[in-house]
Structure formats: C-alpha cells, structure tokens
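What follows is the content of work-v1.pdb, which has PDB, C-alpha atoms:
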ATOM      1  CA  MET B   1    -120.707  44.499  22.179
ATOM      2  CA  ARG B   2    -119.560  45.355  25.661
ATOM      3  CA  ARG B   3    -121.393  44.692  28.921
ATOM      4  CA  ILE B   4    -120.872  46.988  31.893
ATOM      5  CA  ASN B   5    -122.132  45.711  35.218
ATOM      6  CA  LEU B   6    -122.962  48.975  36.962
ATOM      7  CA  LYS B   7    -122.651  47.647  40.500
ATOM      8  CA  ASP B   8    -119.135  46.378  39.763
ATOM      9  CA  ALA B   9    -118.113  49.494  37.810
ATOM     10  CA  LEU B  10    -119.466  52.016  40.316
ATOM     11  CA  GLY B  11    -119.268  50.067  43.576
ATOM     12  CA  SER B  12    -122.871  50.644  44.612
ATOM     13  CA  GLU B  13    -126.226  48.888  44.330
ATOM     14  CA  SER B  14    -128.063  52.150  44.966
ATOM     15  CA  LEU B  15    -127.646  54.956  42.449
ATOM     16  CA  VAL B  16    -129.248  57.959  44.099
ATOM     17  CA  GLY B  17    -129.178  61.721  43.887
ATOM     18  CA  ARG B  18    -127.441  64.459  41.964
ATOM     19  CA  SER B  19    -124.297  64.394  44.103
ATOM     20  CA  MET B  20    -123.697  60.706  43.400
ATOM     21  CA  ALA B  21    -124.515  61.357  39.738
ATOM     22  CA  SER B  22    -121.879  64.127  39.645
ATOM     23  CA  GLU B  23    -119.353  61.747  41.205
ATOM     24  CA  HIS B  24    -120.169  58.854  38.840
ATOM     25  CA  PHE B  25    -120.618  60.790  35.593
ATOM     26  CA  PRO B  26    -116.881  61.030  34.737
ATOM     27  CA  LYS B  27    -116.539  57.268  35.332
ATOM     28  CA  LEU B  28    -119.505  56.537  33.060
ATOM     29  CA  VAL B  29    -118.119  58.841  30.358
ATOM     30  CA  ALA B  30    -114.748  57.061  30.512
ATOM     31  CA  LEU B  31    -116.504  53.700  30.246
ATOM     32  CA  ALA B  32    -118.641  54.918  27.320
ATOM     33  CA  PHE B  33    -115.674  56.357  25.405
ATOM     34  CA  GLY B  34    -113.565  53.242  26.006
ATOM     35  CA  GLY B  35    -113.816  50.519  23.404
ATOM     36  CA  ASP B  36    -114.635  50.699  19.731
ATOM     37  CA  LYS B  37    -116.539  53.297  17.749
ATOM     38  CA  ASP B  38    -120.117  52.217  16.941
ATOM     39  CA  GLU B  39    -120.104  49.456  19.533
ATOM     40  CA  THR B  40    -123.130  48.556  21.615
ATOM     41  CA  ILE B  41    -122.769  49.073  25.344
ATOM     42  CA  ILE B  42    -125.101  47.071  27.533
ATOM     43  CA  TRP B  43    -125.530  48.921  30.807
ATOM     44  CA  ASP B  44    -126.393  46.007  33.105
ATOM     45  CA  PHE B  45    -128.547  46.983  36.082
ATOM     46  CA  GLY B  46    -128.989  43.365  37.242
ATOM     47  CA  ASP B  47    -127.325  43.984  40.614
ATOM     48  CA  VAL B  48    -128.671  47.527  41.087
ATOM     49  CA  ASP B  49    -131.544  47.796  43.570
ATOM     50  CA  LEU B  50    -132.331  51.463  43.132
ATOM     51  CA  ALA B  51    -131.691  54.178  40.538
ATOM     52  CA  THR B  52    -133.436  57.498  41.146
ATOM     53  CA  ALA B  53    -134.698  59.987  38.587
ATOM     54  CA  SER B  54    -132.187  62.590  39.751
ATOM     55  CA  TYR B  55    -129.326  60.124  39.275
ATOM     56  CA  ILE B  56    -130.537  59.113  35.813
ATOM     57  CA  GLY B  57    -130.996  62.767  34.855
ATOM     58  CA  GLY B  58    -127.433  63.551  35.920
ATOM     59  CA  THR B  59    -125.757  60.582  34.231
ATOM     60  CA  PHE B  60    -127.572  58.714  31.475
ATOM     61  CA  VAL B  61    -129.487  61.679  30.059
ATOM     62  CA  PRO B  62    -126.278  63.583  29.204
ATOM     63  CA  LEU B  63    -124.711  60.387  27.842
ATOM     64  CA  ILE B  64    -127.662  59.755  25.547
ATOM     65  CA  ARG B  65    -127.593  63.395  24.454
ATOM     66  CA  MET B  66    -123.934  62.825  23.453
ATOM     67  CA  VAL B  67    -125.087  59.884  21.332
ATOM     68  CA  THR B  68    -127.959  61.754  19.675
ATOM     69  CA  SER B  69    -125.763  64.795  18.959
ATOM     70  CA  GLY B  70    -123.129  62.614  17.280
ATOM     71  CA  LYS B  71    -120.392  63.331  19.853
ATOM     72  CA  LEU B  72    -120.386  59.705  21.027
ATOM     73  CA  ALA B  73    -120.642  56.982  18.382
ATOM     74  CA  ARG B  74    -122.026  54.227  20.595
ATOM     75  CA  TYR B  75    -125.316  52.420  21.053
ATOM     76  CA  PHE B  76    -126.798  51.996  24.525
ATOM     77  CA  VAL B  77    -129.035  49.212  25.770
ATOM     78  CA  PHE B  78    -130.237  49.162  29.357
ATOM     79  CA  ALA B  79    -130.458  45.598  30.635
ATOM     80  CA  ASN B  80    -132.117  43.900  33.576
ATOM     81  CA  LEU B  81    -133.762  46.946  35.119
ATOM     82  CA  ASN B  82    -136.006  46.064  38.031
ATOM     83  CA  GLU B  83    -139.531  47.500  38.020
ATOM     84  CA  HIS B  84    -138.598  50.565  40.105
ATOM     85  CA  CYS B  85    -135.567  51.411  37.931
ATOM     86  CA  GLN B  86    -137.633  50.933  34.780
ATOM     87  CA  ASP B  87    -140.299  53.313  36.127
ATOM     88  CA  GLU B  88    -137.669  55.934  36.970
ATOM     89  CA  PHE B  89    -136.047  55.659  33.526
ATOM     90  CA  SER B  90    -139.445  55.941  31.839
ATOM     91  CA  LEU B  91    -140.339  59.012  33.894
ATOM     92  CA  VAL B  92    -137.066  60.794  33.137
ATOM     93  CA  PHE B  93    -136.903  59.821  29.464
ATOM     94  CA  GLU B  94    -140.529  60.882  28.888
ATOM     95  CA  ALA B  95    -139.807  64.276  30.470
ATOM     96  CA  GLU B  96    -136.584  64.679  28.476
ATOM     97  CA  LYS B  97    -138.177  63.425  25.222
ATOM     98  CA  LEU B  98    -135.640  60.585  24.945
ATOM     99  CA  ALA B  99    -136.071  56.902  24.218
ATOM    100  CA  ALA B 100    -133.930  53.841  24.833
ATOM    101  CA  LEU B 101    -133.998  50.106  24.390
ATOM    102  CA  CYS B 102    -134.456  48.036  27.495
ATOM    103  CA  LEU B 103    -133.635  44.326  27.594
ATOM    104  CA  GLN B 104    -134.826  41.853  30.226
ATOM    105  CA  GLU B 105    -132.502  38.911  29.805
ATOM    106  CA  LYS B 106    -133.442  35.374  30.769
ATOM    107  CA  GLU B 107    -129.843  34.740  31.718
ATOM    108  CA  GLU B 108    -126.866  37.049  31.309
ATOM    109  CA  GLY B 109    -126.131  37.593  27.644
ATOM    110  CA  HIS B 110    -128.800  35.179  26.355
ATOM    111  CA  GLY B 111    -132.267  35.880  25.024
ATOM    112  CA  GLY B 112    -134.934  37.883  26.700
ATOM    113  CA  ASP B 113    -137.568  40.469  26.004
ATOM    114  CA  SER B 114    -136.871  43.920  24.633
ATOM    115  CA  LYS B 115    -138.970  47.025  24.961
ATOM    116  CA  ILE B 116    -138.797  50.726  24.335
ATOM    117  CA  ILE B 117    -138.702  53.038  27.335
ATOM    118  CA  GLY B 118    -139.253  56.758  27.243
ATOM    119  CA  HIS B 119    -140.706  59.111  24.660
ATOM    120  CA  LEU B 120    -141.105  58.024  21.064
ATOM    121  CA  ASP B 121    -143.798  59.114  18.623
ATOM    122  CA  PRO B 122    -146.239  56.233  17.943
ATOM    123  CA  ALA B 123    -145.248  55.965  14.257
ATOM    124  CA  TYR B 124    -141.565  55.667  15.188
ATOM    125  CA  ARG B 125    -142.413  53.279  18.032
ATOM    126  CA  ASP B 126    -144.293  51.039  15.557
ATOM    127  CA  THR B 127    -141.403  51.146  13.080
ATOM    128  CA  LEU B 128    -138.892  50.279  15.801
ATOM    129  CA  ALA B 129    -141.103  47.460  17.102
ATOM    130  CA  THR B 130    -141.317  46.045  13.562
ATOM    131  CA  VAL B 131    -137.535  46.088  13.169
ATOM    132  CA  LEU B 132    -137.080  44.463  16.587
ATOM    133  CA  ALA B 133    -139.580  41.734  15.646
ATOM    134  CA  LYS B 134    -138.099  41.065  12.192
ATOM    135  CA  GLY B 135    -134.449  41.347  13.212
ATOM    136  CA  ARG B 136    -132.983  42.987  10.117
ATOM    137  CA  VAL B 137    -134.885  45.008   7.510
ATOM    138  CA  SER B 138    -134.503  47.463   4.676
ATOM    139  CA  ALA B 139    -137.026  50.203   3.957
ATOM    140  CA  ALA B 140    -138.403  48.094   1.105
ATOM    141  CA  MET B 141    -138.855  45.108   3.439
ATOM    142  CA  LEU B 142    -141.094  47.168   5.729
ATOM    143  CA  GLU B 143    -143.830  47.103   3.095
ATOM    144  CA  GLY B 144    -146.770  44.976   4.136
ATOM    145  CA  GLY B 145    -148.722  44.550   7.355
ATOM    146  CA  LYS B 146    -149.773  47.725   9.132
ATOM    147  CA  GLU B 147    -147.289  49.854   7.172
ATOM    148  CA  LYS B 148    -149.033  48.921   3.905
ATOM    149  CA  GLN B 149    -152.490  49.704   5.299
ATOM    150  CA  ASP B 150    -151.284  53.187   6.172
ATOM    151  CA  LYS B 151    -150.023  53.646   2.593
ATOM    152  CA  ILE B 152    -146.721  54.997   3.849
ATOM    153  CA  LYS B 153    -144.307  56.011   1.117
ATOM    154  CA  ARG B 154    -140.816  54.570   0.989
ATOM    155  CA  THR B 155    -139.232  57.965   1.708
ATOM    156  CA  THR B 156    -141.265  58.196   4.914
ATOM    157  CA  ARG B 157    -140.094  54.740   6.005
ATOM    158  CA  ILE B 158    -136.482  55.730   5.232
ATOM    159  CA  LYS B 159    -136.892  58.953   7.247
ATOM    160  CA  ARG B 160    -138.251  57.011  10.222
ATOM    161  CA  LEU B 161    -135.438  54.469  10.090
ATOM    162  CA  THR B 162    -132.797  57.196   9.734
ATOM    163  CA  THR B 163    -134.248  59.083  12.690
ATOM    164  CA  LEU B 164    -134.173  55.917  14.818
ATOM    165  CA  VAL B 165    -130.510  55.458  13.855
ATOM    166  CA  SER B 166    -129.703  59.051  14.873
ATOM    167  CA  GLN B 167    -131.375  58.404  18.235
ATOM    168  CA  GLY B 168    -129.108  55.400  18.787
ATOM    169  CA  LEU B 169    -132.022  52.956  18.688
ATOM    170  CA  LEU B 170    -131.072  51.151  15.453
ATOM    171  CA  ARG B 171    -127.858  50.287  13.663
ATOM    172  CA  ARG B 172    -127.546  50.876   9.903
ATOM    173  CA  MET B 173    -125.231  49.164   7.440
ATOM    174  CA  LYS B 174    -124.923  49.201   3.672
ATOM    175  CA  VAL B 175    -125.635  45.884   1.962
ATOM    176  CA  GLY B 176    -125.328  46.032  -1.801
ATOM    177  CA  ARG B 177    -127.175  49.121  -2.985
ATOM    178  CA  GLU B 178    -129.420  49.631   0.029
ATOM    179  CA  TYR B 179    -129.217  50.203   3.741
ATOM    180  CA  VAL B 180    -130.264  47.524   6.179
ATOM    181  CA  TYR B 181    -131.361  48.323   9.726
ATOM    182  CA  GLU B 182    -131.194  46.144  12.828
ATOM    183  CA  ALA B 183    -131.453  46.310  16.590
ATOM    184  CA  THR B 184    -128.342  47.505  18.376
ATOM    185  CA  PHE B 185    -128.146  44.175  20.199
ATOM    186  CA  ASN B 186    -128.380  40.600  18.935
TER     187      ASN B 186
END

Let me see the structure of the file written as structure tokens.
Amino acid sequence: MRRINLKDALGSESLVGRSMASEHFPKLVALAFGGDKDETIIWDFGDVDLATASYIGGTFVPLIRMVTSGKLARYFVFANLNEHCQDEFSLVFEAEKLAALCLQEKEEGHGGDSKIIGHLDPAYRDTLATVLAKGRVSAAMLEGGKEKQDKIKRTTRIKRLTTLVSQGLLRRMKVGREYVYEATFN
C-alpha cells in the first residue's frame, strides 16, 4: 500500500481547471505506474483545500478508466477529502458512471470511515457495503442477512463480486478452492 500526499506530490493545495489537470496528469500517471502491480494507492487529499470537477475529470477519471480497462493493475482509494472535494468527486463520478472508495481517516494511516462515492447500482453497492463491513468474504459467506431474503443465487453473488473487482473496488485472492474478496485497503 502506498500513500501519495497530493499537495506534496503536485505542489498545490488547490487543484483547479482543465489546464492544471493537463499539467498534472503526466505526474499522476507516473505516480500510479510506479510501485508494484496490484498495489493499493491511497490518494491523500488531507492538505488539499479545493479540487474542481474539471480537474477531477481531467486527471482521476482517465486514471480510473485505465484501472477498469485493465491497463493499470492498481487499486485507488481517495482519502481525507473535505466536504467540497467529496461533492465534486461524487458529481463527476455519477456523471461518468464510475465509483470509488473514499476513506476518512481518524489519523493518517489509522482507522476511519469508508464510503462509496459515485455511481454504483444499488445491488452492487449493497454487496460492496457487506464486504466492507465483514472485512473478507467468499461468495458462499455472503449467504444470510439481506442477501438471503432476496434469494440471490451463488452465481449472481460471484458475478457481483467479480464486477466489483474489475472496477477496482475489491481485491480478490484464491484461498484453497475458492476466491476470497476484501476491501482494497486494510
């Protein structure tokens, strides 16, 4: 897991406009491609006062599209977004039909609350929320609770989990004969 403090990396507390996005995008790509395959990158906005929709659309949207297309084997978590930045991310991600995990840490690197920002079908949102709450699950472990009431078949649960992995929202690993899914941050 690698943490990137955006103010330190980009030299600005205000991330505004397409022109700044065009200037910063190559730096963000280099940062994203640095490090190990399948690692989680925590984009830390703790020292960023402002990030506009046009900036987000010119930087993080193309980066997430690289992840979802398979060109970039990384997981992204957006940490410590202030209310304005969170609103801008939500607006852009809803419009672009993207979703991401957002983490509000209590102190850097320790604990906090996670939430989903952007567009995600309610069934997938519920599945992701269940995985986040339980920590680590297999498709078989999702049986029970609301999932059981809906009488969802195992193949449907597997499809949902696989889709969330392809969107970079969950990590998947093989344990014994089955796959286990977990949040991209711990």

Ref. answer, residues at most 12 Å from (-136.6, 44.5, 16.2) with all atoms listed in the file, as number ranges by chain:
B: 101, 103, 113-116, 125-137, 142, 161, 164, 169-171, 181-186

Polymer residues at most 10 Å from Ser69 of chain B, only C-alpha atoms, same-chain spacing of 6 or more positions, as a ChimeraX atom specification
/B:63,166-168

Selection from above, C-alpha atoms, as a compact mmCIF listing (two decimals), in the coordinates of the input, can you write it?
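part12.txt, freshly written:
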# COMPACT_ATOMS: atom_id res chain seq x y z
CA LEU B 63 -124.71 60.39 27.84
CA SER B 166 -129.70 59.05 14.87
CA GLN B 167 -131.38 58.40 18.24
CA GLY B 168 -129.11 55.40 18.79

What does the PyMOL selection byres ((chain B and resi 140) around 9) select in this file, as an mmCIF file with C-alpha atoms, keeping the file's coordinate frame?
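New file selection.cif:
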data_model
loop_
_atom_site.group_PDB
_atom_site.id
_atom_site.type_symbol
_atom_site.label_atom_id
_atom_site.label_comp_id
_atom_site.auth_asym_id
_atom_site.auth_seq_id
_atom_site.Cartn_x
_atom_site.Cartn_y
_atom_site.Cartn_z
ATOM 1 C CA VAL B 137 -134.885 45.008 7.510
ATOM 2 C CA SER B 138 -134.503 47.463 4.676
ATOM 3 C CA ALA B 139 -137.026 50.203 3.957
ATOM 4 C CA MET B 141 -138.855 45.108 3.439
ATOM 5 C CA LEU B 142 -141.094 47.168 5.729
ATOM 6 C CA GLU B 143 -143.830 47.103 3.095
ATOM 7 C CA ARG B 154 -140.816 54.570 0.989
ATOM 8 C CA ARG B 157 -140.094 54.740 6.005
ATOM 9 C CA ILE B 158 -136.482 55.730 5.232
#

Residues of segment 1-36 of chain B within 10 Å of segment 42-49 of chain B: nearest atom pair and distance (Å, one decimal) for each, counting all atoms listed in the file, sorted by chain and number, as a tab-separated table?
residue	atom	partner	partner_atom	distance
B:Met1	CA	B:Ile42	CA	7.4
B:Arg2	CA	B:Ile42	CA	6.1
B:Arg3	CA	B:Ile42	CA	4.6
B:Ile4	CA	B:Trp43	CA	5.2
B:Asn5	CA	B:Asp44	CA	4.8
B:Leu6	CA	B:Asp44	CA	6.0
B:Lys7	CA	B:Asp47	CA	5.9
B:Asp8	CA	B:Asp47	CA	8.6
B:Ser12	CA	B:Val48	CA	7.5
B:Glu13	CA	B:Val48	CA	4.3
B:Ser14	CA	B:Asp49	CA	5.7
B:Leu15	CA	B:Val48	CA	7.6
B:Leu28	CA	B:Trp43	CA	10.0
B:Ala32	CA	B:Trp43	CA	9.8

Separation of atom CA of Cys102 of chain B and atom CA of Val29 of chain B, in Å?
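It comes out at 19.8 Å.
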
What's the separation between atom CA of Leu10 of chain B and atom CA of Tyr55 of chain B, in Å to one decimal place?
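For atom CA of Leu10 of chain B relative to atom CA of Tyr55 of chain B, the distance reads 12.8 Å.
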
Nearest residue to Ile56 of chain B out of B:Ala73, B:Leu81, B:Glu39, B:Val16, using only C-alpha atoms?
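The answer is B:Val16, which sits nearest to Ile56 of chain B.
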